[in-house]
Amino acid sequence: MLQTAQRTAKLKRKKGAPASLDETAANKTAPPHERFLEAFRWMLLARTLEEKLVSLYRGGQITGGVYIGKGQEAVSVACGLFLEKGDIFAPLIRDQAGRSAFGEPLVDVTRTYLGSRLGPMRGRDGNIHRGHPRDNELAMISHLGAMVSVTVGTLMAKRFKGEKNFVGLTSIGEGGMQTGSFHEGMNIAAVEQVPLVVVATNNHYAYSTPNDREFAGDDLVERAIGYGFEGYSLDGTDLVECLDVIGGAVKRARAGRPPQLVVASVLRLSGHGEHDDASYVPEDVKRQPFARDCLKVAEQTILDLNLINPETLAEWRKDAVAQVDEAIATAQKEAVPEADKEDWCALSTRDLVDQAGEDE
C-alpha cells in the first residue's frame with residue numbers, strides 16, 4: 001500500500017467548484033490535502049444526485065438502468081479533479097463524482113436520465129453513455145475495456161496535431177481488466193508512451209463474480225510492470241490517499257513518465273445496478289476495511305480535524321439537495337424525443353450526413 005503524505009497547504013478554489021468554501025480559510029486546522037474539502041463537496045453532490053436518481057428509477061420515472069458509484073466517490077472525484085483544460089477524461093458508469101469535478105453540468109445528467117431532447121445525447125442514448133467530446137469528456141462505449149484504446153487514440157491524435165502538456169485518464173473496474181480490449185489498450189499505450197493514467201477500481205465483484213473467480217494474481221497492480229506502466233495501489237475509501245496517489249499519477253504522466261496504472265480497493269456499496277440487490281455479497285465481506293463508506297470516512301475526518309463546523313456541513317448538504325432538485329425540475333419540464341418527428345442520424349449532424357451523400 002502506498003503511504004500518503006499529509007499535506008497542509010492552504011485550500012485553493014477550483015473554477016466551477018461548489019460554492020461556500022471561503023469560510024475554510026479561517027479554520028485553525030488545515031485540511032490533510034489542499035483540495036480535500038473541494039473534493040468532499042463533489043462527492044456529496046454525486047451521492048445526493050444518485051440517491052435521487054435511484055428514487056426516480058424506483059418510482060418508474062427513469063427508463064433503462066441506473067448504475068451508481070456509492071462507495072467509489074473518493075476514487076472517482078480524484079480522477080476528475082486534477083485534469084486541466086485540454087486533458088482527456090473517459091469516465092465510466094460509477095464516475096459521477098469525477099464527471100462533476102471535471103465540469104459536467106448537473107442538468108446534463110438529469111436531462112439524460114429523464115430523456116430530455118436538450119440533453120447532450122438529445123434523448124437518444126442510454127443514461128450512462130453521455131459525454132461531451134468537444135469538451136474532452138468522451139462518451140462511454142463500454143465499461144469493459146474499450147475506453148482504454150479510445151483514450152490512447154485520442155492522445156495520439158493530439159500528439160500528431162502538435163499539442164503539448166496534455167494527459168488522458170480513464171477508469172475501469174477489475175472485471176473490465178480481464179477483457180481483451182483492456183489488454184490491447186494497455187499494450188499500445190505503453191508502446192507509444194502516451195501520457196495515460198488508468199485508474200482501476202477493484203470493488204471485489206464483477207457484477208456477481210468475486211475476485212477469486214476473476215483473476216489468480218495477488219494484486220492487480222502487479223500487472224503494471226508487465227505492461228510497461230508504473231503502478232500504484234491505494235485504499236479507495238480514504239479520500240486523502242486517493243487525492244495524493246491519483247493526483248501524483250496525473251502529474252507524473254504530464255511530466256513524461258511512462259503510463260500510470262492506479263489500483264484502488266473498495267467494495268461496491270450497492271448492486272451492480274439498481275435492478276440488483278447484491279445478495280451474493282457475504283456479510284463477512286461487508287465488514288472488511290475496504291467496505292467502509294468513503295463519504296462517511298471523509299466526513300468523519302472533517303469533524304475530527306475540525307475543518308468546518310457541523311452547521312456548515314449541514315448547509316453543504318442543503319446546497320447539494322437544492323442543486324439536484326433544480327436540475328431535476330428543469331429536465332422534467334422539457335420535452336422528450338418524438339420518434340415520428342426526429343431527424344435520426346447515424347452521424348452526429350445532418351450536415352455530415354448530407355456531405356456523405358454528396359461524396360457518393
# chains A, B, ... in the order shown; residues from 1 in each chain; ligands from 1
>>> residues_around(residues="range 179-181 of chain A", least_positions_apart="3", cutoff="12 Å", atoms="only C-alpha atoms", output="list in words")
Ile141, Ser142, His143, Leu144, Gly145, Ala146, Met147, Val148, Ser149, Val150, Ile172, Gly173, Glu174, Gly175, Gly176, Glu184, Gly185, Met186, Asn187, Ile188, Ala206, Glu214 and Phe215 of chain A
>>> residues_around(residues="Thr154 in chain A", least_positions_apart="4", cutoff="10 Å", atoms="only C-alpha atoms", output="list in words")
Ile88, Asn136, Leu138, Val148, Ser149, Val150, Lys158, Arg159, Phe160, Gly168 and Val194 of chain A
>>> atom_distance(atom1="CA of Glu315 in chain A", atom2="CA of Arg47 in chain A")
15.5 Å
>>> atom_distance(atom1="CA of Phe166 in chain A", atom2="CA of Glu84 in chain A")
8.0 Å
>>> closest_residue(among="A:Gly247, A:Pro31, A:Gly64, A:Pro258", to="His275 in chain A", atoms="only C-alpha atoms")
A:Gly64
>>> closest_residue(among="A:Ile128, A:Ala339, A:Ala320, A:Leu106", to="Thr48 in chain A", atoms="only C-alpha atoms")
A:Ala320
>>> residues_around(residues="Ile246 in chain A", least_positions_apart="6", cutoff="8 Å", atoms="only C-alpha atoms", output="number ranges by chain")
A: 78-79, 199, 262
>>> write_last_selection(atoms="C-alpha atoms", output="PDB file, in the first residue's frame")
ATOM      1  CA  ALA A  78      -9.762  12.288  -7.734  1.00  0.00           C
ATOM      2  CA  CYS A  79      -9.962  11.149 -11.369  1.00  0.00           C
ATOM      3  CA  VAL A 199      -7.466   4.142 -12.610  1.00  0.00           C
ATOM      4  CA  VAL A 262      -3.507   3.013 -10.183  1.00  0.00           C
TER       5      VAL A 262
END
>>> residues_around(residues="Val240 in chain A", least_positions_apart="5", cutoff="7 Å", atoms="only C-alpha atoms", output="list in words")
Pro32, His33 and Phe36 of chain A
>>> write_last_selection(atoms="C-alpha atoms", output="PDB file, in the first residue's frame")
ATOM      1  CA  PRO A  32      -4.989  16.976   5.108  1.00  0.00           C
ATOM      2  CA  HIS A  33      -4.885  17.743   1.381  1.00  0.00           C
ATOM      3  CA  PHE A  36      -9.799  17.820   0.367  1.00  0.00           C
TER       4      PHE A  36
END
>>> closest_residue(among="A:Asp95, A:Glu38, A:Glu274, A:Asp218", to="Ile62 in chain A", atoms="only C-alpha atoms")
A:Glu274
